[in-house]
Structures are given as C-alpha cells and as structure tokens.
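**Student:** Next comes target_37.cif, mmCIF, C-alpha atoms:
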```
data_start
#
loop_
_atom_site.group_PDB
_atom_site.id
_atom_site.type_symbol
_atom_site.label_atom_id
_atom_site.label_comp_id
_atom_site.auth_asym_id
_atom_site.auth_seq_id
_atom_site.Cartn_x
_atom_site.Cartn_y
_atom_site.Cartn_z
ATOM 1 C CA MET A 784 5.511 78.666 -30.632
ATOM 2 C CA LYS A 785 8.229 78.296 -27.988
ATOM 3 C CA THR A 786 5.516 77.878 -25.369
ATOM 4 C CA ILE A 787 3.932 75.038 -27.340
ATOM 5 C CA LYS A 788 7.305 73.318 -27.856
ATOM 6 C CA LEU A 789 8.055 73.656 -24.148
ATOM 7 C CA PHE A 790 4.653 72.160 -23.285
ATOM 8 C CA PHE A 791 5.128 69.126 -25.501
ATOM 9 C CA SER A 792 8.697 68.639 -24.314
ATOM 10 C CA THR A 793 7.528 68.689 -20.710
ATOM 11 C CA LEU A 794 4.679 66.302 -21.533
ATOM 12 C CA LEU A 795 7.108 63.906 -23.236
ATOM 13 C CA VAL A 796 9.372 63.885 -20.165
ATOM 14 C CA VAL A 797 6.411 63.170 -17.913
ATOM 15 C CA ILE A 798 5.261 60.259 -20.128
ATOM 16 C CA ILE A 799 8.749 58.762 -20.298
ATOM 17 C CA SER A 800 9.123 59.099 -16.523
ATOM 18 C CA ALA A 801 5.759 57.436 -15.963
ATOM 19 C CA ILE A 802 6.701 54.541 -18.234
ATOM 20 C CA GLY A 803 9.996 54.182 -16.404
ATOM 21 C CA MET A 804 8.286 54.141 -13.028
ATOM 22 C CA ALA A 805 5.795 51.544 -14.242
ATOM 23 C CA SER A 806 8.635 49.368 -15.499
ATOM 24 C CA CYS A 807 10.383 49.652 -12.160
ATOM 25 C CA ASN A 808 7.194 48.705 -10.358
ATOM 26 C CA ASP A 809 6.800 45.655 -12.621
ATOM 27 C CA ASP A 810 10.389 44.606 -11.982
ATOM 28 C CA ASP A 811 10.029 45.098 -8.251
ATOM 29 C CA GLU A 812 6.796 43.061 -8.065
ATOM 30 C CA LEU A 813 7.280 39.857 -6.086
ATOM 31 C CA LYS A 814 7.155 36.715 -8.186
ATOM 32 C CA ASP A 815 7.008 33.006 -7.392
ATOM 33 C CA LYS A 816 10.360 31.227 -7.482
ATOM 34 C CA VAL A 817 10.590 27.758 -9.024
ATOM 35 C CA VAL A 818 13.488 25.377 -8.348
ATOM 36 C CA VAL A 819 14.063 21.687 -9.053
ATOM 37 C CA ILE A 820 15.035 19.715 -5.954
ATOM 38 C CA THR A 821 15.598 16.142 -4.823
ATOM 39 C CA MET A 822 13.791 14.858 -1.758
ATOM 40 C CA SER A 823 13.459 11.679 0.266
ATOM 41 C CA VAL A 824 10.160 10.142 1.407
ATOM 42 C CA SER A 825 10.275 7.768 4.373
ATOM 43 C CA GLU A 826 8.768 4.281 4.474
ATOM 44 C CA ASN A 827 7.242 5.304 7.806
ATOM 45 C CA THR A 828 4.263 7.589 8.323
ATOM 46 C CA ASP A 829 3.179 9.961 11.075
ATOM 47 C CA ILE A 830 0.115 11.869 12.293
ATOM 48 C CA MET A 831 -0.737 15.523 11.664
ATOM 49 C CA TYR A 832 -3.688 17.787 12.450
ATOM 50 C CA SER A 833 -5.542 20.488 10.548
ATOM 51 C CA LEU A 834 -4.754 24.122 11.373
ATOM 52 C CA PHE A 835 -8.360 24.450 12.481
ATOM 53 C CA ASP A 836 -8.356 21.322 14.651
ATOM 54 C CA ASP A 837 -7.383 23.135 17.859
ATOM 55 C CA ASN A 838 -8.435 20.239 20.072
ATOM 56 C CA LYS A 839 -6.599 17.699 17.915
ATOM 57 C CA GLU A 840 -9.650 15.478 17.645
ATOM 58 C CA ASN A 841 -9.178 14.334 14.047
ATOM 59 C CA PRO A 842 -5.682 12.972 13.361
ATOM 60 C CA VAL A 843 -4.671 12.636 9.718
ATOM 61 C CA GLU A 844 -2.028 10.156 8.642
ATOM 62 C CA CYS A 845 0.764 11.751 6.622
ATOM 63 C CA MET A 846 4.095 11.201 4.881
ATOM 64 C CA LEU A 847 7.516 12.104 6.226
ATOM 65 C CA VAL A 848 9.726 13.977 3.741
ATOM 66 C CA MET A 849 13.211 15.445 3.780
ATOM 67 C CA GLU A 850 14.613 17.887 1.227
ATOM 68 C CA ASP A 851 18.203 17.298 0.207
ATOM 69 C CA GLY A 852 20.489 20.161 1.107
ATOM 70 C CA VAL A 853 18.039 21.851 3.482
ATOM 71 C CA ASP A 854 18.065 20.212 6.898
ATOM 72 C CA GLN A 855 18.326 16.599 7.888
ATOM 73 C CA THR A 856 14.984 16.375 9.677
ATOM 74 C CA TRP A 857 11.793 14.674 8.566
ATOM 75 C CA ARG A 858 8.899 17.031 7.858
ATOM 76 C CA LYS A 859 5.224 16.044 7.891
ATOM 77 C CA MET A 860 3.367 16.351 4.600
ATOM 78 C CA SER A 861 -0.069 15.151 3.471
ATOM 79 C CA PHE A 862 -0.239 12.216 1.061
ATOM 80 C CA SER A 863 -1.602 14.425 -1.739
ATOM 81 C CA TYR A 864 0.763 17.374 -1.227
ATOM 82 C CA ILE A 865 3.206 16.432 -4.001
ATOM 83 C CA GLU A 866 1.218 16.766 -7.204
ATOM 84 C CA GLY A 867 1.507 13.681 -9.410
ATOM 85 C CA PHE A 868 3.013 11.455 -6.705
ATOM 86 C CA THR A 869 1.289 8.384 -5.226
ATOM 87 C CA TYR A 870 2.682 7.152 -1.924
ATOM 88 C CA GLU A 871 2.661 3.519 -0.785
ATOM 89 C CA LYS A 872 3.447 2.604 2.796
ATOM 90 C CA GLY A 873 6.531 0.561 3.447
ATOM 91 C CA HIS A 874 8.314 2.124 0.455
ATOM 92 C CA ARG A 875 11.231 4.542 0.610
ATOM 93 C CA TYR A 876 11.437 7.026 -2.238
ATOM 94 C CA LYS A 877 13.939 9.412 -3.752
ATOM 95 C CA LEU A 878 12.165 12.022 -5.880
ATOM 96 C CA ARG A 879 13.058 14.854 -8.207
ATOM 97 C CA ALA A 880 10.412 17.522 -7.775
ATOM 98 C CA LYS A 881 9.611 21.049 -8.847
ATOM 99 C CA LYS A 882 9.291 23.286 -5.797
ATOM 100 C CA THR A 883 7.428 26.567 -6.156
ATOM 101 C CA ILE A 884 8.159 29.131 -3.465
ATOM 102 C CA LEU A 885 5.096 31.358 -3.362
ATOM 103 C CA ALA A 886 5.719 35.094 -3.300
ATOM 104 C CA ASN A 887 2.354 35.698 -1.664
ATOM 105 C CA PRO A 888 1.408 32.527 0.235
ATOM 106 C CA PRO A 889 -2.099 32.259 1.709
ATOM 107 C CA ALA A 890 -2.386 33.189 5.376
ATOM 108 C CA ASP A 891 -3.796 29.746 6.235
ATOM 109 C CA GLY A 892 -1.641 27.702 3.882
ATOM 110 C CA SER A 893 1.881 26.689 2.966
ATOM 111 C CA ALA A 894 4.502 28.885 1.340
ATOM 112 C CA TRP A 895 5.519 26.052 -1.015
ATOM 113 C CA LYS A 896 4.015 23.850 -3.703
ATOM 114 C CA TYR A 897 5.541 20.613 -4.992
ATOM 115 C CA GLU A 898 5.109 18.803 -8.301
ATOM 116 C CA LEU A 899 6.664 15.437 -9.132
ATOM 117 C CA VAL A 900 9.212 15.463 -11.954
ATOM 118 C CA GLU A 901 10.597 11.927 -11.620
ATOM 119 C CA VAL A 902 10.737 9.007 -9.188
ATOM 120 C CA LEU A 903 14.462 8.339 -8.898
ATOM 121 C CA GLU A 904 14.170 5.420 -6.472
ATOM 122 C CA ASP A 905 11.303 3.318 -5.141
ATOM 123 C CA LYS A 906 12.407 0.656 -2.683
ATOM 124 C CA GLU A 907 10.256 -1.575 -0.477
ATOM 125 C CA ILE A 908 12.013 -1.613 2.883
ATOM 126 C CA THR A 909 10.453 -3.792 5.545
ATOM 127 C CA GLY A 910 7.013 -4.411 4.165
ATOM 128 C CA PRO A 911 3.833 -3.100 5.745
ATOM 129 C CA GLU A 912 3.827 -5.141 8.957
ATOM 130 C CA LEU A 913 4.143 -3.010 12.073
ATOM 131 C CA PRO A 914 5.011 -3.881 15.679
ATOM 132 C CA VAL A 915 2.058 -4.692 17.916
ATOM 133 C CA GLU A 916 1.955 -3.199 21.396
ATOM 134 C CA ASP A 917 2.989 -5.632 24.123
ATOM 135 C CA ALA A 918 -0.365 -5.130 25.851
ATOM 136 C CA ILE A 919 -2.227 -6.706 22.918
ATOM 137 C CA LYS A 920 -2.154 -10.446 23.486
ATOM 138 C CA SER A 921 -5.603 -11.286 22.154
ATOM 139 C CA GLU A 922 -8.562 -9.786 20.316
ATOM 140 C CA ALA A 923 -10.021 -8.670 23.660
ATOM 141 C CA ASP A 924 -7.005 -6.399 24.253
ATOM 142 C CA ILE A 925 -7.653 -4.241 21.176
ATOM 143 C CA VAL A 926 -9.080 -0.866 22.212
ATOM 144 C CA TYR A 927 -11.909 0.448 20.036
ATOM 145 C CA GLU A 928 -12.573 4.041 19.027
ATOM 146 C CA GLU A 929 -15.593 5.819 20.523
ATOM 147 C CA GLN A 930 -18.895 4.616 18.958
ATOM 148 C CA CYS A 931 -17.132 1.552 17.573
ATOM 149 C CA PRO A 932 -17.342 -1.124 16.405
ATOM 150 C CA ILE A 933 -19.421 0.210 13.516
ATOM 151 C CA GLU A 934 -20.737 -1.522 10.396
ATOM 152 C CA LYS A 935 -18.964 0.484 7.711
ATOM 153 C CA TYR A 936 -16.821 -1.821 5.569
ATOM 154 C CA SER A 937 -17.327 -5.145 3.833
ATOM 155 C CA VAL A 938 -15.033 -7.518 1.925
ATOM 156 C CA SER A 939 -15.624 -10.093 -0.782
ATOM 157 C CA SER A 940 -15.579 -13.464 0.967
ATOM 158 C CA PRO A 941 -14.810 -16.276 0.579
ATOM 159 C CA LEU A 942 -11.843 -16.169 -1.787
ATOM 160 C CA PHE A 943 -11.046 -19.422 -3.581
ATOM 161 C CA VAL A 944 -7.508 -20.774 -3.936
ATOM 162 C CA ASP A 945 -6.448 -23.677 -6.140
ATOM 163 C CA GLY A 946 -3.419 -25.964 -6.097
ATOM 164 C CA ASN A 947 -1.579 -23.775 -8.603
ATOM 165 C CA GLY A 948 -1.811 -20.725 -6.341
ATOM 166 C CA LYS A 949 -4.460 -18.984 -8.429
ATOM 167 C CA ILE A 950 -6.998 -16.881 -6.550
ATOM 168 C CA TYR A 951 -10.649 -16.409 -7.442
ATOM 169 C CA SER A 952 -13.314 -14.051 -6.126
ATOM 170 C CA SER A 953 -16.540 -15.261 -4.529
ATOM 171 C CA GLU A 954 -18.161 -14.696 -7.962
ATOM 172 C CA GLY A 955 -15.634 -17.017 -9.601
ATOM 173 C CA ASN A 956 -13.521 -14.354 -11.331
ATOM 174 C CA GLU A 957 -9.755 -14.796 -11.281
ATOM 175 C CA ARG A 958 -7.969 -12.259 -9.085
ATOM 176 C CA PRO A 959 -4.376 -11.004 -9.363
ATOM 177 C CA SER A 960 -1.544 -13.157 -8.019
ATOM 178 C CA TYR A 961 -0.739 -13.613 -4.331
ATOM 179 C CA LYS A 962 1.766 -10.741 -4.354
ATOM 180 C CA ASN A 963 -0.485 -8.354 -6.282
ATOM 181 C CA CYS A 964 -3.959 -9.145 -4.939
ATOM 182 C CA ARG A 965 -5.597 -6.457 -2.814
ATOM 183 C CA ILE A 966 -8.464 -7.083 -0.362
ATOM 184 C CA TYR A 967 -10.694 -4.128 -1.088
ATOM 185 C CA LEU A 968 -12.645 -2.553 1.759
ATOM 186 C CA ASN A 969 -16.033 -1.523 0.422
ATOM 187 C CA ASN A 970 -17.707 1.343 2.266
ATOM 188 C CA THR A 971 -21.282 0.135 2.814
ATOM 189 C CA LEU A 972 -22.299 2.779 5.357
ATOM 190 C CA ASP A 973 -25.889 3.933 4.834
ATOM 191 C CA PRO A 974 -25.860 7.604 3.642
ATOM 192 C CA THR A 975 -29.085 8.171 5.592
ATOM 193 C CA ASP A 976 -27.315 7.300 8.858
ATOM 194 C CA THR A 977 -27.398 10.330 11.151
ATOM 195 C CA ASP A 978 -23.668 9.857 11.822
ATOM 196 C CA TRP A 979 -22.741 9.325 8.158
ATOM 197 C CA VAL A 980 -20.558 12.460 7.952
ATOM 198 C CA ARG A 981 -18.827 11.723 11.243
ATOM 199 C CA PHE A 982 -18.163 8.081 10.392
ATOM 200 C CA ASN A 983 -16.503 9.127 7.141
ATOM 201 C CA SER A 984 -14.009 11.375 8.938
ATOM 202 C CA THR A 985 -10.376 10.355 9.469
ATOM 203 C CA THR A 986 -11.127 9.012 12.945
ATOM 204 C CA TYR A 987 -13.301 6.280 11.446
ATOM 205 C CA MET A 988 -11.207 5.447 8.373
ATOM 206 C CA ALA A 989 -9.453 2.096 8.143
ATOM 207 C CA ARG A 990 -5.701 2.757 8.028
ATOM 208 C CA TYR A 991 -4.524 -0.476 9.649
ATOM 209 C CA ALA A 992 -5.783 -3.970 10.378
ATOM 210 C CA TYR A 993 -5.008 -6.336 13.220
ATOM 211 C CA VAL A 994 -4.755 -9.787 11.647
ATOM 212 C CA ILE A 995 -5.721 -12.888 13.593
ATOM 213 C CA SER A 996 -4.786 -16.013 11.673
ATOM 214 C CA PRO A 997 -6.303 -19.461 12.298
ATOM 215 C CA LEU A 998 -2.817 -20.855 11.692
ATOM 216 C CA SER A 999 -0.998 -18.751 14.288
ATOM 217 C CA ASP A 1000 -1.479 -17.431 17.813
ATOM 218 C CA LYS A 1001 0.327 -14.181 16.968
ATOM 219 C CA ILE A 1002 -1.608 -10.975 16.278
ATOM 220 C CA ARG A 1003 -0.081 -8.932 13.479
ATOM 221 C CA LEU A 1004 -0.675 -5.287 12.553
ATOM 222 C CA VAL A 1005 -0.602 -4.370 8.849
ATOM 223 C CA VAL A 1006 -1.410 -1.296 6.772
ATOM 224 C CA ALA A 1007 -4.835 -1.168 5.140
ATOM 225 C CA SER A 1008 -4.779 2.099 3.206
ATOM 226 C CA GLY A 1009 -4.910 2.389 -0.582
ATOM 227 C CA GLY A 1010 -8.370 0.823 -0.788
ATOM 228 C CA GLY A 1011 -7.592 -2.070 1.535
ATOM 229 C CA PRO A 1012 -4.721 -4.318 2.675
ATOM 230 C CA MET A 1013 -2.756 -6.437 0.235
ATOM 231 C CA LEU A 1014 -3.417 -10.173 0.490
ATOM 232 C CA LYS A 1015 0.280 -10.850 1.101
ATOM 233 C CA TYR A 1016 0.060 -8.594 4.189
ATOM 234 C CA ILE A 1017 -2.800 -10.634 5.656
ATOM 235 C CA VAL A 1018 -1.726 -14.130 4.647
ATOM 236 C CA THR A 1019 1.913 -15.034 5.182
ATOM 237 C CA GLU A 1020 3.774 -17.055 2.559
ATOM 238 C CA ASP A 1021 3.697 -20.095 4.849
ATOM 239 C CA ASP A 1022 -0.081 -19.724 5.306
ATOM 240 C CA PHE A 1023 -0.626 -19.409 1.568
ATOM 241 C CA ARG A 1024 1.515 -22.476 0.938
ATOM 242 C CA TYR A 1025 -0.678 -24.363 3.415
ATOM 243 C CA MET A 1026 -3.806 -23.295 1.525
ATOM 244 C CA THR A 1027 -2.456 -24.487 -1.812
ATOM 245 C CA THR A 1028 -0.877 -27.762 -0.671
ATOM 246 C CA THR A 1029 -2.517 -29.003 2.522
ATOM 247 C CA LEU A 1030 -6.045 -27.573 2.643
ATOM 248 C CA LYS A 1031 -8.595 -30.104 1.361
ATOM 249 C CA GLU A 1032 -11.016 -29.369 -1.448
ATOM 250 C CA LYS A 1033 -13.947 -27.188 -0.271
ATOM 251 C CA GLU A 1034 -12.345 -26.818 3.147
ATOM 252 C CA GLN A 1035 -12.315 -23.271 4.530
ATOM 253 C CA ILE A 1036 -10.168 -21.283 6.928
ATOM 254 C CA THR A 1037 -11.160 -17.850 8.212
ATOM 255 C CA TYR A 1038 -9.029 -14.854 9.146
ATOM 256 C CA VAL A 1039 -10.243 -12.123 11.499
ATOM 257 C CA LEU A 1040 -9.452 -8.521 10.594
ATOM 258 C CA ILE A 1041 -9.882 -5.823 13.212
ATOM 259 C CA LEU A 1042 -9.802 -2.645 11.145
ATOM 260 C CA ALA A 1043 -8.154 0.258 12.948
ATOM 261 C CA ASN A 1044 -7.806 4.009 12.434
ATOM 262 C CA ALA A 1045 -4.688 6.190 12.252
ATOM 263 C CA ASN A 1046 -4.336 5.930 16.040
ATOM 264 C CA LYS A 1047 -4.454 2.119 15.762
ATOM 265 C CA ARG A 1048 -7.750 1.990 17.659
ATOM 266 C CA GLY A 1049 -10.285 -0.557 16.429
ATOM 267 C CA ILE A 1050 -13.269 0.504 14.349
ATOM 268 C CA GLN A 1051 -14.730 -2.731 12.944
ATOM 269 C CA LYS A 1052 -14.324 -6.504 12.932
ATOM 270 C CA LEU A 1053 -14.426 -8.396 9.619
ATOM 271 C CA GLU A 1054 -13.977 -12.029 8.658
ATOM 272 C CA LEU A 1055 -12.180 -13.099 5.488
ATOM 273 C CA ALA A 1056 -12.603 -16.744 4.513
ATOM 274 C CA PHE A 1057 -10.509 -18.780 2.066
ATOM 275 C CA GLU A 1058 -11.741 -21.971 0.459
ATOM 276 C CA ARG A 1059 -9.677 -24.573 -1.402
ATOM 277 C CA LYS A 1060 -10.939 -24.830 -4.957
#
```
Turn this file's structure into structure tokens for me.
**Tutor:**
Amino acid sequence: MKTIKLFFSTLLVVIISAIGMASCNDDDELKDKVVVITMSVSENTDIMYSLFDDNKENPVECMLVMEDGVDQTWRKMSFSYIEGFTYEKGHRYKLRAKKTILANPPADGSAWKYELVEVLEDKEITGPELPVEDAIKSEADIVYEEQCPIEKYSVSSPLFVDGNGKIYSSEGNERPSYKNCRIYLNNTLDPTDTDWVRFNSTTYMARYAYVISPLSDKIRLVVASGGGPMLKYIVTEDDFRYMTTTLKEKEQITYVLILANANKRGIQKLELAFERK
C-alpha cells in the first residue's frame, strides 16, 4: 500500500512540475509589443529601392516619416505602409498610430507594423509645384527615360469651361470645381504588348508632369500621382480666370503635359485642351 501511495505521490509531483514548466515556457515566449505613438509625415517625398533591387534599377517613390520621441531624422516608408492612411503630396501630417513591434520579424521584412488611429493634423504646405532644374528651359531639354516616349496614358480632352467657372467633360458631364477637379490619367497600354509588364513598373509610372502653358513661357513641374494631377496644379488661378473671362466662345487653348517618372525623367507627352463653353 505504501508503495502505491509513494508511486502516486511521485506521479503527482511530476505532473505539477511539468505544468509549472509549461507555464514558465508560455510566459517566456516572445510576444509582439503594441504601443500607441504620434508621428509626423513630411510634405516632401523621396526615393527608395526594394531589398532585392541590388542594381537600383527600379526606384519607388516613398513618404518621409518621423516618430516623436525616437530620433529627429526622417525615415523612408512606402505609401501603403501605414494601414488605413492615405498620403497626399504637398501635405504635412501629424498622426496617432498603433505601432506593433514584432517579436519574430521576417528575415526579409520590417520589425514594425503601423496602423492609423487618428489624423491629428493635415496641412497643405506649399502645394504640389516643385522646382524645375535650371537646365530645363524648353520642352527639348526634358530628358526621357529609356524606351520613351511611350503611348501609355490618355486624358479626357477637351474640357469645357463656362463663364461661371463650371467645368464639363468632353462628354458634357459637369466635373468638380476648379480646386477639386482631377485630370485622370487612363492607362491605355495594350496588354498584348511584349513590354506590358515592364512598362507598368515604377520606372514607367507617371509621378510628375512638366506643364507647358500657352499663356506662359515658364515650365512648371507638378505632382501627378493619385490617379493624375489636380487641375489647379496644371492651370494657375490667373490662367483659369483668363479662360472664364477672356476666352471667346468655342475658342480653345491647349496645355502640354510631359509625364515623368519618380526620377523626373519624361515618359510620355500629352495635350490637354480647354474650350470656352
């Protein structure tokens, strides 16, 4: 009987010890850490490259972010890196975000994940117009990317403008106001083109546009991401005022857009006409 009691007592100690060890192992297991932070997002952008792009042949435009309380340096981050956040060039943001510090980050990835909690501040700083290099005095000075110009994008043209400042599409449909109207770049590249995959890479994406106005001898560089440039970026307020007050009925003026990639090298030339309604 004593032998049996001793056996069960020993067995009970072993079970309890095993449970204790398992609990310790569970407690010691590394877990993700989640903190809520505030961070700044610059109105300016930069260029980054994929980990696998050793030759740096395919630049990718990215945001510049800075975490409060960490270090006062801007860090490159892809536009889609902060879940739930949509970035617009020319805007400076202050965000509250949930930062997850991964206990076991992937070998080829980041050790952090970010999720938007709240946009604390969204301020348009200088608008989307960028400085043009001194060497660019005319359309002929714009350097094109290899295999460009290509026929990839199209725009709805002409746009009609009336004396009240209303804007209409070429089909006659009213468009948003001058400050809210976007000139959409439609990708019309033929999927059967042998270079279709290549021409849809970052190198051949329209990120900027050189604007040549018929009412000015100055070439301007504006952002064209987000589906296409905003009308107010292409047409200055003075130009738009001219269209609505001075342009005669059925008279047209045409703007030239040299679409450019993230490196500001040309990829395609488009014309955007405006007609007085």
**Student:** Nearest residue to Ile925 in chain A out of A:Trp979, A:Tyr967, A:Tyr993, A:Tyr864, using all atoms listed in the file?
**Tutor:**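 Residue with the minimum atom-to-atom distance to Ile925 in chain A: A:Tyr993.
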**Student:** Could you work out how far CA of Gly892 in chain A lies from CA of Gln855 in chain A, giving the answer in Å with one decimal?
**Tutor:** 23.2 Å
**Student:** Can you measure CA of Leu813 in chain A to CA of Ala886 in chain A for me? One decimal in Å is fine.
**Tutor:**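 That distance, rounded to one decimal, is 5.7 Å.
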**Student:** Neighbouring residues of range 834-847 of chain A were defined as those with any atom within 10 Å, considering all atoms listed in the file; residues of the same chain fewer than 2 positions away were excluded. Please report them as a PDB file with C-alpha atoms, in the coordinates of the input.
**Tutor:**
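Writing the result to selection-v7.pdb gives the following:
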```pdb
ATOM      1  CA  SER A 823      13.459  11.679   0.266  1.00  0.00           C
ATOM      2  CA  VAL A 824      10.160  10.142   1.407  1.00  0.00           C
ATOM      3  CA  SER A 825      10.275   7.768   4.373  1.00  0.00           C
ATOM      4  CA  GLU A 826       8.768   4.281   4.474  1.00  0.00           C
ATOM      5  CA  ASN A 827       7.242   5.304   7.806  1.00  0.00           C
ATOM      6  CA  THR A 828       4.263   7.589   8.323  1.00  0.00           C
ATOM      7  CA  ASP A 829       3.179   9.961  11.075  1.00  0.00           C
ATOM      8  CA  ILE A 830       0.115  11.869  12.293  1.00  0.00           C
ATOM      9  CA  MET A 831      -0.737  15.523  11.664  1.00  0.00           C
ATOM     10  CA  TYR A 832      -3.688  17.787  12.450  1.00  0.00           C
ATOM     11  CA  MET A 849      13.211  15.445   3.780  1.00  0.00           C
ATOM     12  CA  THR A 856      14.984  16.375   9.677  1.00  0.00           C
ATOM     13  CA  TRP A 857      11.793  14.674   8.566  1.00  0.00           C
ATOM     14  CA  ARG A 858       8.899  17.031   7.858  1.00  0.00           C
ATOM     15  CA  LYS A 859       5.224  16.044   7.891  1.00  0.00           C
ATOM     16  CA  MET A 860       3.367  16.351   4.600  1.00  0.00           C
ATOM     17  CA  SER A 861      -0.069  15.151   3.471  1.00  0.00           C
ATOM     18  CA  PHE A 862      -0.239  12.216   1.061  1.00  0.00           C
ATOM     19  CA  SER A 863      -1.602  14.425  -1.739  1.00  0.00           C
ATOM     20  CA  TYR A 864       0.763  17.374  -1.227  1.00  0.00           C
ATOM     21  CA  TYR A 870       2.682   7.152  -1.924  1.00  0.00           C
ATOM     22  CA  GLU A 871       2.661   3.519  -0.785  1.00  0.00           C
ATOM     23  CA  LYS A 872       3.447   2.604   2.796  1.00  0.00           C
ATOM     24  CA  ASP A 891      -3.796  29.746   6.235  1.00  0.00           C
ATOM     25  CA  GLY A 892      -1.641  27.702   3.882  1.00  0.00           C
ATOM     26  CA  SER A 984     -14.009  11.375   8.938  1.00  0.00           C
ATOM     27  CA  THR A 985     -10.376  10.355   9.469  1.00  0.00           C
ATOM     28  CA  THR A 986     -11.127   9.012  12.945  1.00  0.00           C
ATOM     29  CA  TYR A 987     -13.301   6.280  11.446  1.00  0.00           C
ATOM     30  CA  MET A 988     -11.207   5.447   8.373  1.00  0.00           C
ATOM     31  CA  ARG A 990      -5.701   2.757   8.028  1.00  0.00           C
ATOM     32  CA  ASN A1044      -7.806   4.009  12.434  1.00  0.00           C
ATOM     33  CA  ALA A1045      -4.688   6.190  12.252  1.00  0.00           C
ATOM     34  CA  ASN A1046      -4.336   5.930  16.040  1.00  0.00           C
TER      35      ASN A1046
END
```
**Student:** In file coordinates, which residues lie within 10 Å of (-0.5, 20.1, -5.9) using all atoms listed in the file, given as a count of residues only?
**Tutor:** 11
**Student:** What does the distance between CA of Val818 in chain A and CA of Val900 in chain A come to in Å, to one decimal place?
**Tutor:**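 Atom-to-atom, CA of Val818 in chain A and CA of Val900 in chain A are spaced 11.4 Å apart.
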**Student:** Rank A:Lys1033, A:Arg875, A:Lys1015, A:Arg1024 by their smallest atom-to-atom distance to Glu907 in chain A, using all atoms listed in the file, and report the top residue only.
**Tutor:**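 Of all the options, A:Arg875 lies closest to Glu907 in chain A.
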**Student:** Pick out the closest residue to Leu1042 in chain A from this set: A:Glu922, A:Asp976, A:Asp1022, A:Asp851. Count all atoms listed in the file.
**Tutor:**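 Nearest candidate to Leu1042 in chain A out of A:Glu922, A:Asp976, A:Asp1022, A:Asp851: A:Glu922.
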**Student:** Evaluating the PyMOL selection byres ((chain A and resi 928-944) around 6) on the displayed file yields which residues, as an MDAnalysis selection string?
**Tutor:** chainID A and resid 927 945 949:953 968:972 1048:1051 1055:1060
**Student:** Any idea what's packed within 9 Å of Lys920 in chain A, counting all atoms listed in the file, ignoring anything in its chain fewer than 4 positions away? Could you give it as number ranges by chain?
**Tutor:** A: 916, 924-925, 1001-1002
**Student:** My list of candidates is A:Tyr991, A:Ala923, A:Leu878, A:Met1026. Which is closest to Leu1040 in chain A when distances are computed with only C-alpha atoms?
**Tutor:** A:Tyr991
**Student:** Take the PyMOL selection byres ((chain A and resi 1003) around 8), apply it to the structure above, and return the hits as a ChimeraX atom specification.
**Tutor:** /A:912-915,993-995,1001-1002,1004-1005
**Student:** Given the file shown, enumerate the residues that the PyMOL selection byres ((chain A and resi 963) around 12) captures and present them as a list in words.
**Tutor:**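 So the PyMOL selection byres ((chain A and resi 963) around 12), applied here, picks out Lys949, Ile950, Arg958, Pro959, Ser960, Tyr961, Lys962, Cys964, Arg965, Ile966, Pro1012, Met1013, Leu1014, Lys1015 and Tyr1016 of chain A.
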**Student:** Convert the current residue selection to file output with C-alpha atoms, as an mmCIF file, keeping the file's coordinate frame.
**Tutor:**
```cif
data_model
loop_
_atom_site.group_PDB
_atom_site.id
_atom_site.type_symbol
_atom_site.label_atom_id
_atom_site.label_comp_id
_atom_site.auth_asym_id
_atom_site.auth_seq_id
_atom_site.Cartn_x
_atom_site.Cartn_y
_atom_site.Cartn_z
ATOM 1 C CA LYS A 949 -4.460 -18.984 -8.429
ATOM 2 C CA ILE A 950 -6.998 -16.881 -6.550
ATOM 3 C CA ARG A 958 -7.969 -12.259 -9.085
ATOM 4 C CA PRO A 959 -4.376 -11.004 -9.363
ATOM 5 C CA SER A 960 -1.544 -13.157 -8.019
ATOM 6 C CA TYR A 961 -0.739 -13.613 -4.331
ATOM 7 C CA LYS A 962 1.766 -10.741 -4.354
ATOM 8 C CA CYS A 964 -3.959 -9.145 -4.939
ATOM 9 C CA ARG A 965 -5.597 -6.457 -2.814
ATOM 10 C CA ILE A 966 -8.464 -7.083 -0.362
ATOM 11 C CA PRO A 1012 -4.721 -4.318 2.675
ATOM 12 C CA MET A 1013 -2.756 -6.437 0.235
ATOM 13 C CA LEU A 1014 -3.417 -10.173 0.490
ATOM 14 C CA LYS A 1015 0.280 -10.850 1.101
ATOM 15 C CA TYR A 1016 0.060 -8.594 4.189
#
```
**Student:** Any idea what's packed within 9 Å of Lys816 in chain A, counting all atoms listed in the file, ignoring anything in its chain fewer than 6 positions away? Could you give it as a VMD selection string?
**Tutor:** chain A and resid 882 to 886
**Student:** Return the single residue from A:Pro889, A:Ser833, A:Asn947, A:Ala989 that is closest to Gly1010 in chain A, with distances computed using all atoms listed in the file.
**Tutor:** A:Ala989
**Student:** Need to verify the contact set: Ile820 in chain A, 7 Å, all atoms listed in the file, exclusion of same-chain residues closer than 6 positions in sequence. Can you return it as an mmCIF file with C-alpha atoms, in the coordinates of the input?
**Tutor:**
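What follows is the written file out.cif:
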```
data_model
loop_
_atom_site.group_PDB
_atom_site.id
_atom_site.type_symbol
_atom_site.label_atom_id
_atom_site.label_comp_id
_atom_site.auth_asym_id
_atom_site.auth_seq_id
_atom_site.Cartn_x
_atom_site.Cartn_y
_atom_site.Cartn_z
ATOM 1 C CA ARG A 879 13.058 14.854 -8.207
ATOM 2 C CA ALA A 880 10.412 17.522 -7.775
ATOM 3 C CA LYS A 881 9.611 21.049 -8.847
ATOM 4 C CA LYS A 882 9.291 23.286 -5.797
#
```
**Student:** Which residue, A:Thr821, A:Thr1027, A:Phe982, A:Glu904, has the smallest gap to Gly852 in chain A when you use all atoms listed in the file?
**Tutor:** A:Thr821
**Student:** Could you write range 861-865 of chain A as a PDB file, in the coordinates of the input, with N, CA, C and O atoms rebuilt where they are missing?
**Tutor:**
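Produced file result-v4.pdb, reproduced below:
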```pdb
ATOM      1  N   SER A 861       1.093  15.971   3.818  1.00  0.00           N
ATOM      2  CA  SER A 861      -0.069  15.151   3.471  1.00  0.00           C
ATOM      3  C   SER A 861       0.231  14.283   2.255  1.00  0.00           C
ATOM      4  O   SER A 861       1.081  14.617   1.419  1.00  0.00           O
ATOM      5  N   PHE A 862      -0.480  13.165   2.138  1.00  0.00           N
ATOM      6  CA  PHE A 862      -0.239  12.216   1.061  1.00  0.00           C
ATOM      7  C   PHE A 862      -0.417  12.841  -0.323  1.00  0.00           C
ATOM      8  O   PHE A 862       0.217  12.424  -1.285  1.00  0.00           O
ATOM      9  N   SER A 863      -1.300  13.829  -0.437  1.00  0.00           N
ATOM     10  CA  SER A 863      -1.602  14.425  -1.739  1.00  0.00           C
ATOM     11  C   SER A 863      -0.840  15.720  -2.006  1.00  0.00           C
ATOM     12  O   SER A 863      -1.098  16.400  -3.001  1.00  0.00           O
ATOM     13  N   TYR A 864       0.109  16.067  -1.134  1.00  0.00           N
ATOM     14  CA  TYR A 864       0.763  17.374  -1.227  1.00  0.00           C
ATOM     15  C   TYR A 864       1.666  17.491  -2.446  1.00  0.00           C
ATOM     16  O   TYR A 864       1.791  18.558  -3.043  1.00  0.00           O
ATOM     17  N   ILE A 865       2.329  16.399  -2.830  1.00  0.00           N
ATOM     18  CA  ILE A 865       3.206  16.432  -4.001  1.00  0.00           C
ATOM     19  C   ILE A 865       2.374  16.043  -5.221  1.00  0.00           C
ATOM     20  O   ILE A 865       1.998  14.881  -5.383  1.00  0.00           O
TER      21      ILE A 865
END
```
